[in-house]
Each structure stands twice: as C-alpha cells, then as structure tokens.
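Single-structure report; data block below.
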Amino acid sequence: MKVKIASGAILFLVILAVILNTGALKRTIDGFCETVEALEINEGDIEGSLWRARRIYSDFKRAETYMSLTVNHNDLTAIEEIFSEMIGCLSVGDSDGARIAKSRLSDALMHLRRLSGVNIDSVI
C-alpha cells in the first residue's frame, strides 16, 4: 500500500512540475514575442534600434539557460542565429534586412511558443 501511495505522490509531483514549467515557459516566450513585436526599426534611429535589439538578445540569453532544460536546442539555436542576423543588419544600417530578420524572429518565437505548450506537436 505504501508503494502505491508513493507512486501516486510522485506522479502528482511530476504532473505539477510539467504544468508549472509549461506556464513559466509560456509567460517567458510571450514576453519575448511582445518585446520583439514592439521593437521599431526606424532608419532615422538605427542606433536606438540596435541598442534595443541587443538588450532583448541579452535578456533572451539569460532566459535561454532555463528554457534549454525543456526546449529543443535546435529551436533555440535558430532563434539565436536570427537575433545575430538582425543585430548584424542594424550594425551596418540595413533597416530592410533588419525588418525581415525581425519578422523571421517573431515567427520563430511563435513556433517555439506553440511547441513548448502541451499539445500533440510538442510530443512528436
């Protein structure tokens, strides 16, 4: 009887941990989606846009440590590459390239949000 109670308690704790982790990931990724969408790339203020993009990337790198525990490493690497592309475009003053990279980054973050939730796509 003790074994059944212990296994039930462990199952409950695992399910609780999954629910809490999913909620934390969703909140974190939603924050990045909103921040990237709010990033304005203006030709007249490339330096400001570059500074904001670097700040968002820095925040992402801090959160990536936690996210990498349960999120596919390839997805995180793809997001890092797109951040690098966008920051590179802003560094040389290519606002059109930066806007394209920003769009790709938004799509990659939305894809990550979809995969980090509890659904059939995240299991397969």
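Ligands are numbered from 1 in the order shown, chains are lettered A, B, ... in the order of the structure tokens, and residues start at 1 in each chain.
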Contacts of A:Tyr66 at 10 Å (only C-alpha atoms; same-chain gap of 6+ positions) as an MDAnalysis selection string: chainID A and resid 21 24:25
Chain A: residues DSSP assigns to alpha helix (DSSP H), reported as a PyMOL selection string: chain A and resi 2-38+46-67+73-91+95-116+120-123
Find the residues around stretch 89-106 of chain A up to 8 Å (only C-alpha atoms counted), leave out those fewer than 3 positions away in its own chain, and share them as a tab-separated table (two decimals) with all heavy atoms, in the first residue's frame.
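Contents of out.tsv, as written:
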chain	number	residue	atom	x	y	z
A	33	CYS	N	7.94	37.51	-27.39
A	33	CYS	CA	7.13	37.79	-28.58
A	33	CYS	C	6.64	39.24	-28.57
A	33	CYS	O	6.75	39.95	-29.57
A	33	CYS	CB	5.94	36.84	-28.66
A	33	CYS	SG	6.33	35.15	-29.11
A	36	VAL	N	9.68	41.72	-29.05
A	36	VAL	CA	10.17	41.76	-30.43
A	36	VAL	C	9.16	42.47	-31.32
A	36	VAL	O	9.54	43.27	-32.18
A	36	VAL	CB	10.48	40.33	-30.95
A	36	VAL	CG1	10.71	40.32	-32.44
A	36	VAL	CG2	11.70	39.78	-30.22
A	37	GLU	N	7.88	42.21	-31.14
A	37	GLU	CA	6.87	42.89	-31.94
A	37	GLU	C	6.89	44.39	-31.70
A	37	GLU	O	6.65	45.18	-32.61
A	37	GLU	CB	5.47	42.33	-31.63
A	37	GLU	CG	5.20	40.96	-32.21
A	37	GLU	CD	5.21	40.95	-33.73
A	37	GLU	OE1	4.70	41.91	-34.35
A	37	GLU	OE2	5.75	39.98	-34.29
A	41	ILE	N	11.99	49.48	-35.95
A	41	ILE	CA	13.23	49.68	-36.69
A	41	ILE	C	13.03	50.90	-37.58
A	41	ILE	O	12.34	50.84	-38.59
A	41	ILE	CB	13.58	48.43	-37.50
A	41	ILE	CG1	13.79	47.25	-36.55
A	41	ILE	CG2	14.82	48.68	-38.36
A	41	ILE	CD1	13.96	45.92	-37.21
A	42	ASN	N	13.61	52.00	-37.16
A	42	ASN	CA	13.49	53.26	-37.87
A	42	ASN	C	14.83	53.60	-38.52
A	42	ASN	O	15.87	53.50	-37.88
A	42	ASN	CB	13.09	54.41	-36.92
A	42	ASN	CG	11.76	54.14	-36.27
A	42	ASN	OD1	10.84	53.62	-36.89
A	42	ASN	ND2	11.64	54.51	-35.01
A	43	GLU	N	14.76	54.04	-39.77
A	43	GLU	CA	16.00	54.42	-40.45
A	43	GLU	C	16.65	55.62	-39.78
A	43	GLU	O	17.86	55.77	-39.81
A	43	GLU	CB	15.73	54.68	-41.92
A	43	GLU	CG	15.39	53.42	-42.68
A	43	GLU	CD	15.22	53.66	-44.16
A	43	GLU	OE1	15.85	54.59	-44.69
A	43	GLU	OE2	14.46	52.91	-44.78
A	46	ILE	N	18.66	54.17	-36.13
A	46	ILE	CA	19.24	52.82	-36.21
A	46	ILE	C	19.99	52.49	-34.91
A	46	ILE	O	19.92	51.37	-34.42
A	46	ILE	CB	20.18	52.70	-37.43
A	46	ILE	CG1	19.37	52.75	-38.73
A	46	ILE	CG2	21.01	51.43	-37.38
A	46	ILE	CD1	18.52	51.54	-38.98
A	47	GLU	N	20.71	53.47	-34.36
A	47	GLU	CA	21.48	53.22	-33.13
A	47	GLU	C	20.56	52.84	-31.98
A	47	GLU	O	20.87	51.95	-31.19
A	47	GLU	CB	22.31	54.45	-32.76
A	47	GLU	CG	23.47	54.70	-33.69
A	47	GLU	CD	24.47	53.56	-33.72
A	47	GLU	OE1	24.79	53.01	-32.65
A	47	GLU	OE2	24.91	53.21	-34.83
A	49	SER	N	17.56	51.48	-32.27
A	49	SER	CA	17.03	50.15	-32.58
A	49	SER	C	18.07	49.08	-32.28
A	49	SER	O	17.74	48.01	-31.75
A	49	SER	CB	16.62	50.07	-34.04
A	49	SER	OG	15.61	51.00	-34.34
A	50	LEU	N	19.32	49.36	-32.62
A	50	LEU	CA	20.41	48.41	-32.35
A	50	LEU	C	20.56	48.19	-30.85
A	50	LEU	O	20.70	47.05	-30.39
A	50	LEU	CB	21.72	48.93	-32.95
A	50	LEU	CG	22.97	48.10	-32.68
A	50	LEU	CD1	22.84	46.70	-33.25
A	50	LEU	CD2	24.20	48.81	-33.28
A	79	ILE	N	16.79	30.63	-33.15
A	79	ILE	CA	16.41	31.96	-32.67
A	79	ILE	C	17.65	32.82	-32.44
A	79	ILE	O	17.68	34.01	-32.80
A	79	ILE	CB	15.54	31.84	-31.40
A	79	ILE	CG1	14.17	31.27	-31.77
A	79	ILE	CG2	15.39	33.19	-30.70
A	79	ILE	CD1	13.30	30.91	-30.59
A	82	ILE	N	18.91	34.12	-35.75
A	82	ILE	CA	18.09	35.20	-36.29
A	82	ILE	C	18.36	36.50	-35.53
A	82	ILE	O	18.41	37.58	-36.13
A	82	ILE	CB	16.59	34.82	-36.28
A	82	ILE	CG1	16.34	33.59	-37.15
A	82	ILE	CG2	15.74	35.98	-36.77
A	82	ILE	CD1	14.96	32.98	-36.98
A	83	PHE	N	18.54	36.40	-34.21
A	83	PHE	CA	18.93	37.58	-33.44
A	83	PHE	C	20.23	38.15	-33.98
A	83	PHE	O	20.37	39.36	-34.18
A	83	PHE	CB	19.13	37.22	-31.96
A	83	PHE	CG	17.96	37.53	-31.07
A	83	PHE	CD1	17.32	36.52	-30.38
A	83	PHE	CD2	17.51	38.83	-30.90
A	83	PHE	CE1	16.25	36.79	-29.54
A	83	PHE	CE2	16.45	39.12	-30.07
A	83	PHE	CZ	15.82	38.09	-29.39
A	85	GLU	N	21.51	37.82	-36.95
A	85	GLU	CA	21.26	38.41	-38.27
A	85	GLU	C	20.66	39.80	-38.13
A	85	GLU	O	21.08	40.75	-38.80
A	85	GLU	CB	20.35	37.50	-39.08
A	85	GLU	CG	20.01	38.03	-40.45
A	85	GLU	CD	18.99	37.16	-41.18
A	85	GLU	OE1	18.79	36.01	-40.78
A	85	GLU	OE2	18.41	37.67	-42.15
A	86	MET	N	19.67	39.94	-37.26
A	86	MET	CA	19.01	41.22	-37.09
A	86	MET	C	19.98	42.26	-36.53
A	86	MET	O	20.04	43.40	-37.01
A	86	MET	CB	17.79	41.09	-36.17
A	86	MET	CG	17.01	42.38	-36.00
A	86	MET	SD	15.49	42.19	-35.05
A	86	MET	CE	16.11	41.79	-33.44
A	109	LEU	N	9.78	32.67	-32.65
A	109	LEU	CA	9.32	32.70	-31.26
A	109	LEU	C	7.91	32.15	-31.13
A	109	LEU	O	7.61	31.43	-30.17
A	109	LEU	CB	9.39	34.12	-30.71
A	109	LEU	CG	10.80	34.64	-30.41
A	109	LEU	CD1	10.78	36.14	-30.17
A	109	LEU	CD2	11.39	33.91	-29.22
A	110	MET	N	7.05	32.44	-32.10
A	110	MET	CA	5.69	31.88	-32.07
A	110	MET	C	5.72	30.36	-32.24
A	110	MET	O	4.96	29.64	-31.61
A	110	MET	CB	4.81	32.55	-33.11
A	110	MET	CG	4.39	33.95	-32.72
A	110	MET	SD	3.17	34.66	-33.82
A	110	MET	CE	4.25	35.43	-35.01
Separation of atom CA of A:Val71 from atom CA of A:Leu115 in Å: 8.2 Å
